[in-house]
Amino acid sequence: YLYADEQLAEVLQQKRQLKTDKENEIALCKKKQQGWEKRVDYMEEYVAKLSRRAVIERYGEGPHHVILDIRYQVDPQTKTGPRSSQIIIELAPLDLMPHAVHSFLDMVSRGLYNGCLFAFGSRFLVAIAPETRDANRQRELFVPFEEQGFNPPLAYQEYNPDYPHEIYSVSFSGGTSISGPAFFIALTDEISELHLKSGTALDDHGLPLRREPCFGKVVIGHEDLEFLQNIERDPPGRLGWILPEVIVEKATIQRK
């Protein structure tokens, strides 16, 4: 019996030691994770500071506005001939979204959005993207973003709850990874509720997914956005291309 008691005591001691080792291993993993999170936070803060400085040096302190000169292949009102119009976006304050604003201004200044098409991602939003059903044409639109280092255009998924998604807000589009270079314009306040619900989703690494960077708001062109909601789509329904095409002829930075 004494031998059996000694064996039982040894087994119990091994189990206690194994539990202690596991607890120490978990504590070490948590400590490492906290250390990596601090490093990531520091790098994001540093990138934000560099972005803010670059915007001020290149484009001034703001507020910054981007003009989208758009062309309807067919006038949505008269159903005849092409029609030109403008959408003006006021970008977020640099204190709130410096990195996204910096990237967007740089892409606009390089003419990368010229020729991009409007499309519907859902009934809640209209997207502007270097995408088309013609493969050759899509390569012509998309390759410059890659060659100039804007795919993706962000170093991290910047989001600020003080600049939320709402009607007419402008955001880089994304899924479970870094957003952009395509961006979308919200057509309803319901977009905010959708993004609140998506806050529990996970990214490609199993980490909580940050919402798409909201970096601007349409201040002129609401009428055009209303036209777009009722324009023909291919395929019909919520998603699809706008037909006849609606194109960004030119995107420019409004100079004071």
# chains A, B, ... in the order shown; residues from 1 in each chain; ligands from 1

call {"tool": "residues_around", "arguments": {"residues": "region 222-229 of chain A", "least_positions_apart": "3", "cutoff": "10 Å", "atoms": "only C-alpha atoms", "output": "PyMOL selection string"}}
result
chain A and resi 70+72+75-77+85-88+118-120+123-126+168+185-187+218-219+232-233+238+242+246

call {"tool": "residues_around", "arguments": {"residues": "region 47-57 of chain A", "least_positions_apart": "3", "cutoff": "9 Å", "atoms": "only C-alpha atoms", "output": "list in words"}}
result
Tyr42, Met43, Glu44, Gly60, Glu61, Gly62, Leu94, Asp95, Met97, Pro98, His99, Ala100, Val101, His102, Ser103, Leu105, Asp106 and Ala155 of chain A

call {"tool": "residues_around", "arguments": {"residues": "Gly149 (chain A)", "least_positions_apart": "6", "cutoff": "12 Å", "atoms": "only C-alpha atoms", "output": "list in words"}}
result
Ser103, Asp106, Met107, Arg110, Leu112, Phe142, Val143, Ala155, Gly180 and Pro181 of chain A

call {"tool": "write_last_selection", "arguments": {"atoms": "C-alpha atoms", "output": "PDB file, in the first residue's frame"}}
result
ATOM      1  CA  SER A 103      -3.005  57.631 -49.381  1.00  0.00           C
ATOM      2  CA  ASP A 106      -1.476  60.608 -53.309  1.00  0.00           C
ATOM      3  CA  MET A 107      -3.480  58.278 -55.574  1.00  0.00           C
ATOM      4  CA  ARG A 110      -1.047  60.548 -59.600  1.00  0.00           C
ATOM      5  CA  LEU A 112      -4.787  56.623 -60.697  1.00  0.00           C
ATOM      6  CA  PHE A 142      -5.433  48.169 -62.078  1.00  0.00           C
ATOM      7  CA  VAL A 143      -1.763  47.687 -62.954  1.00  0.00           C
ATOM      8  CA  ALA A 155      -0.100  50.082 -44.148  1.00  0.00           C
ATOM      9  CA  GLY A 180      -8.475  49.789 -51.019  1.00  0.00           C
ATOM     10  CA  PRO A 181      -7.710  51.042 -53.582  1.00  0.00           C
TER      11      PRO A 181
END

call {"tool": "select_by_dssp", "arguments": {"residues": "region 21-142 of chain A", "states": "strand (DSSP E)", "output": "PyMOL selection string"}}
result
chain A and resi 65-72+83-91+117-122+125-129

call {"tool": "write_last_selection", "arguments": {"atoms": "N, CA, C and O atoms", "output": "compact mmCIF listing (two decimals), in the first residue's frame"}}
result
# COMPACT_ATOMS: atom_id res chain seq x y z
N HIS A 65 -10.28 68.86 -50.40
CA HIS A 65 -11.41 68.45 -51.24
C HIS A 65 -10.91 67.80 -52.52
O HIS A 65 -9.90 68.25 -53.09
N VAL A 66 -11.60 66.75 -52.93
CA VAL A 66 -11.28 66.06 -54.18
C VAL A 66 -12.49 66.15 -55.10
O VAL A 66 -13.63 65.89 -54.68
N ILE A 67 -12.24 66.53 -56.36
CA ILE A 67 -13.30 66.66 -57.35
C ILE A 67 -13.28 65.45 -58.27
O ILE A 67 -12.24 65.10 -58.84
N LEU A 68 -14.42 64.80 -58.40
CA LEU A 68 -14.58 63.71 -59.36
C LEU A 68 -15.38 64.23 -60.54
O LEU A 68 -16.58 64.54 -60.42
N ASP A 69 -14.72 64.41 -61.69
CA ASP A 69 -15.42 64.75 -62.93
C ASP A 69 -15.94 63.45 -63.52
O ASP A 69 -15.16 62.58 -63.92
N ILE A 70 -17.25 63.30 -63.54
CA ILE A 70 -17.83 62.03 -63.99
C ILE A 70 -18.59 62.21 -65.30
O ILE A 70 -19.04 63.31 -65.63
N ARG A 71 -18.66 61.12 -66.05
CA ARG A 71 -19.37 61.14 -67.32
C ARG A 71 -20.34 59.97 -67.39
O ARG A 71 -19.97 58.81 -67.22
N TYR A 72 -21.60 60.32 -67.62
CA TYR A 72 -22.63 59.33 -67.91
C TYR A 72 -22.60 59.07 -69.41
O TYR A 72 -22.66 60.01 -70.20
N ARG A 83 -23.52 62.81 -70.60
CA ARG A 83 -23.71 63.95 -69.70
C ARG A 83 -22.55 63.99 -68.72
O ARG A 83 -22.10 62.96 -68.22
N SER A 84 -22.05 65.18 -68.43
CA SER A 84 -20.95 65.36 -67.47
C SER A 84 -21.49 65.96 -66.18
O SER A 84 -22.47 66.70 -66.18
N SER A 85 -20.83 65.63 -65.07
CA SER A 85 -21.22 66.17 -63.78
C SER A 85 -20.02 66.12 -62.84
O SER A 85 -18.93 65.67 -63.23
N GLN A 86 -20.23 66.57 -61.62
CA GLN A 86 -19.15 66.58 -60.64
C GLN A 86 -19.65 66.10 -59.29
O GLN A 86 -20.78 66.38 -58.89
N ILE A 87 -18.78 65.37 -58.62
CA ILE A 87 -18.98 65.00 -57.23
C ILE A 87 -17.78 65.52 -56.46
O ILE A 87 -16.63 65.31 -56.88
N ILE A 88 -18.02 66.23 -55.37
CA ILE A 88 -16.93 66.79 -54.57
C ILE A 88 -16.92 66.12 -53.20
O ILE A 88 -17.96 66.06 -52.52
N ILE A 89 -15.76 65.63 -52.82
CA ILE A 89 -15.58 64.94 -51.54
C ILE A 89 -14.75 65.81 -50.61
O ILE A 89 -13.66 66.28 -50.99
N GLU A 90 -15.26 66.05 -49.42
CA GLU A 90 -14.46 66.71 -48.39
C GLU A 90 -13.84 65.63 -47.52
O GLU A 90 -14.54 64.77 -46.98
N LEU A 91 -12.52 65.67 -47.39
CA LEU A 91 -11.82 64.61 -46.67
C LEU A 91 -11.83 64.86 -45.16
O LEU A 91 -12.00 65.98 -44.70
N LEU A 117 -14.51 53.05 -62.91
CA LEU A 117 -15.94 52.96 -63.14
C LEU A 117 -16.73 52.92 -61.84
O LEU A 117 -16.23 52.47 -60.81
N PHE A 118 -17.98 53.38 -61.94
CA PHE A 118 -18.92 53.23 -60.84
C PHE A 118 -19.58 51.86 -60.95
O PHE A 118 -19.89 51.38 -62.05
N ALA A 119 -19.81 51.24 -59.79
CA ALA A 119 -20.52 49.95 -59.75
C ALA A 119 -21.25 49.86 -58.43
O ALA A 119 -20.97 50.62 -57.49
N PHE A 120 -22.18 48.91 -58.33
CA PHE A 120 -22.91 48.73 -57.09
C PHE A 120 -22.38 47.52 -56.34
O PHE A 120 -22.34 46.42 -56.87
N GLY A 121 -21.96 47.74 -55.08
CA GLY A 121 -21.56 46.64 -54.23
C GLY A 121 -22.74 46.08 -53.46
O GLY A 121 -22.75 44.92 -53.06
N SER A 122 -23.75 46.91 -53.22
CA SER A 122 -25.00 46.51 -52.58
C SER A 122 -25.99 47.65 -52.75
O SER A 122 -25.65 48.70 -53.31
N LEU A 125 -24.63 51.00 -51.11
CA LEU A 125 -23.44 51.75 -51.49
C LEU A 125 -23.14 51.64 -52.98
O LEU A 125 -23.53 50.69 -53.64
N VAL A 126 -22.44 52.67 -53.46
CA VAL A 126 -21.94 52.65 -54.83
C VAL A 126 -20.41 52.71 -54.75
O VAL A 126 -19.86 53.46 -53.94
N ALA A 127 -19.75 51.90 -55.55
CA ALA A 127 -18.30 51.81 -55.49
C ALA A 127 -17.65 52.46 -56.70
O ALA A 127 -18.24 52.53 -57.78
N ILE A 128 -16.43 52.96 -56.50
CA ILE A 128 -15.59 53.47 -57.59
C ILE A 128 -14.34 52.60 -57.57
O ILE A 128 -13.62 52.57 -56.57
N ALA A 129 -14.11 51.87 -58.66
CA ALA A 129 -13.05 50.87 -58.63
C ALA A 129 -12.36 50.71 -59.98
O ALA A 129 -12.96 50.97 -61.02

call {"tool": "residues_around", "arguments": {"residues": "Ile178 (chain A)", "least_positions_apart": "2", "cutoff": "7 Å", "atoms": "only C-alpha atoms", "output": "list of chain:residue names"}}
result
A:Pro152, A:Leu154, A:Tyr156, A:Gln157, A:Gly174, A:Gly180

call {"tool": "residues_around", "arguments": {"residues": "Pro213 (chain A)", "least_positions_apart": "2", "cutoff": "6 Å", "atoms": "only C-alpha atoms", "output": "ChimeraX atom specification"}}
result
/A:158-159,171-172

call {"tool": "closest_residue", "arguments": {"among": "A:Ser169, A:Asn114, A:Thr132, A:Gln17", "to": "Glu245 (chain A)", "atoms": "only C-alpha atoms"}}
result
A:Thr132

call {"tool": "atom_distance", "arguments": {"atom1": "CA of Ala182 (chain A)", "atom2": "CA of Pro130 (chain A)"}}
result
6.8 Å

call {"tool": "closest_residue", "arguments": {"among": "A:Pro164, A:Pro82, A:Gly111, A:Gly35", "to": "Gln148 (chain A)", "atoms": "only C-alpha atoms"}}
result
A:Gly111

call {"tool": "closest_residue", "arguments": {"among": "A:Glu10, A:Lys32, A:Ile253, A:Ala92", "to": "Ser109 (chain A)", "atoms": "only C-alpha atoms"}}
result
A:Ile253

call {"tool": "atom_distance", "arguments": {"atom1": "CA of Glu249 (chain A)", "atom2": "CA of Ile167 (chain A)"}}
result
24.1 Å
